[in-house]
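Asks: Dropping the structure in here first, questions after.
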Amino acid sequence: MFDYETLRLIWWILLGVLLAGFATTDGFDLGVGFLLPFVARKDVERRIAINTIGPVWEGNQVWIILGAGAIFAAWPIIYAVSFSGFYLAMLLVLAAFILRPVGFKYRSKLTHPSWRKIWDGALFLGGFIPALIFGLALGNVLQGVPFHFDDTLRSFYTGSFWGLLNPFALLCGLTSIALLGMHGSYYLTVKTNREVQRRAITASRFFSISLIVLFTLAGLWVGFKLQGYVLTGNIIYDGPSNPMHDTVMKMTGAWVSNYRYYPISMLVPGLVYFGATMALLSSLLRKDKLAFFFSGLSVFMVVATVGVSMFPFILPSSSMPNQSLTVWNASSSQTTLSIMLFATVVFMPIILVYTAWVYRVLRGKITQETIESDSHTMY
């Protein structure tokens with residue numbers, strides 16, 4: 001149905017949609033998790049906050065499974081290099097994801113304050129650690145990852161876990177925390193009332209302003225200080241996947257070249273600011289659902305900004321730039337991409353419709369009365 005070049009481009013877009021979908025859906029419940037100590041001070045208030053995400057967090061995490069599966073099937077070389085290179089970081093994320101269900105299930109099994117405090121801490125870490133590490137990962141990908149291939153295409157990662165904690169990556173980690181904190185607090189304003197809602201409104205305004213400031217700082221760093229990557233020479237768009245045949249040059253400000261060549265792409269980072277600003281204004285006008293919508297738009301567009309800035313690179317190599325992985329040299333075969341696209345066209349609408357139905361069924365606020373009337377079955 002589609003030629004090889006078009007299929008590669010389609011799957012680059014779909015991969016971005018899956019990752020942005022994960023950030024938008026699971027992002028708000030990660031945000032609620034690490035906001036828990038700040039927006040809820042009494043036990044009943046913490047139960048209210050927890051139960052706003054209790055019915056949906058598992059479904060939200062399906063998006064990261066879909067994203068990882070898409071990378072594995074559509075971009076197997078990228079999957080192999082990234083998951084081995086970021087192995088320790090991914091283990092930390094996995095440990096945090098394990099803490100979340102355990103915290104949800106066990107927190108309310110006993111009423112002792114110390115017991116519940118331990119699991120509140122687990123839920124905080126289960127939200128904070130992934131939010132931070134995902135930002136660190138994006139920051140390191142933008143700088144390039146230290147890997148190379150030998151003549152048999154075996155990959156070798158030459159970095160370290162502590163090398164991930166560089167200044168630019170830490171800035172991206174803080175931006176990620178601000179982004180998901182904003183999204184989670186706007187969600188809480190929709191789903192709660194009274195004191196929890198009041199504190200969530202305060203948090204949402206703080207994180208909205210923080211996101212605008214941090215995103216601007218990161219953008220200036222990318223534009224004027226960070227070395228990006230540019231493909232030079234002949235580019236083969238529809239040939240066999242082989243990362244050994246490209247010529248890549250590193251240069252400061254390279255990641256903004258796409259915006260110069262295609263000015264319409266400036267809409268993508270522009271929508272980050274638009275979403276955060278409109279969310280803030282909607283919150284001031286007490287249009288809580290509208291604020292949450294614009295917050296989600298901002299989250300989605302932050303991920304899209306990274307993708308547009310780096311195109312056609314997906315995982316550049318800082319140690320061997322000529323072996324960087326791009327849309328054109330790291331995909332599966334044309335047949336594999338075609339079969340996967342057919343399955344996506346069939347099943348993705350079903351997932352979206354079901355997800356929309358679940359959120360409609362679970363609409364409404366979680367209040368103290370809700371918790372007290374159904375205390376034994378609520379988290």
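We label chains A, B, ... in the order they appear in the structure tokens, count residues from 1 in each chain, and number ligands from 1 in the order shown.
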Any idea what's packed within 12 Å of Ser265 of chain A, counting only C-alpha atoms, ignoring anything in its chain fewer than 4 positions away? Could you give it as a list of chain:residue names?
Replies: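 Contacts, with the query itself left out: A:Val256, A:Ser257, A:Asn258, A:Tyr259, A:Arg260, A:Tyr261, A:Pro269, A:Gly270, A:Leu271, A:Met301, A:Ala304, A:Thr305, A:Val306, A:Gly307, A:Val308, A:Ser309, A:Phe311.
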Asks: Given only C-alpha atoms, how would the per-residue table for segment 138-184 of chain A near segment 317-341 of chain A read, listing every residue at most 10 Å away with its closest atom pair and distance in Å to one decimal, sorted by chain and number, as a Markdown table?
Replies:
```
| residue | atom | partner | partner_atom | distance |
| --- | --- | --- | --- | --- |
| A:Asn140 | CA | A:Ser318 | CA | 9.8 |
| A:Val141 | CA | A:Ser317 | CA | 8.7 |
| A:Leu142 | CA | A:Ser318 | CA | 9.9 |
| A:Gln143 | CA | A:Ser318 | CA | 7.2 |
| A:Gly144 | CA | A:Ser318 | CA | 4.5 |
| A:Val145 | CA | A:Ser317 | CA | 4.9 |
| A:Pro146 | CA | A:Ser319 | CA | 4.9 |
| A:Phe147 | CA | A:Ser317 | CA | 5.7 |
| A:His148 | CA | A:Met320 | CA | 5.9 |
| A:Phe149 | CA | A:Gln323 | CA | 7.2 |
| A:Tyr157 | CA | A:Ser319 | CA | 9.5 |
| A:Thr158 | CA | A:Ser319 | CA | 8.3 |
| A:Gly159 | CA | A:Ser319 | CA | 9.4 |
```
Asks: Using only C-alpha atoms, find the one residue out of A:Ile264, A:Leu36, A:Val248, A:Ile212 that sits nearest to Gly184 of chain A.
Replies: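 Of the candidates, the smallest distance to Gly184 of chain A is held by A:Leu36.
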Asks: Name the residues in contact with Ser204 of chain A at a cut-off of 8 Å, using only C-alpha atoms, excluding same-chain residues fewer than 2 positions from it; report them as JSON, numbers by chain.
Replies: {"A": [181, 182, 183, 185, 186, 200, 201, 202, 206, 207, 208, 280]}
Asks: Would you mind writing down, as an NGL selection string, each residue of segment 120-317 of chain A that DSSP on the backbone assigns to alpha helix (DSSP H)?
Replies: :A and (120-143 or 167-191 or 194-224 or 257-261 or 267-284 or 288-310)
Asks: List every residue of segment 134-328 of chain A that DSSP, applied to the backbone of this structure, places in strand (DSSP E), and write the result as a PyMOL selection string.
Replies: chain A and resi 147-149+155-157+227-232+247-252+313-315+325-326
Asks: Have a look at atom CA of Gly103 of chain A and atom CA of Trp119 of chain A and let me know their distance in Å, one decimal.
Replies: 5.0 Å
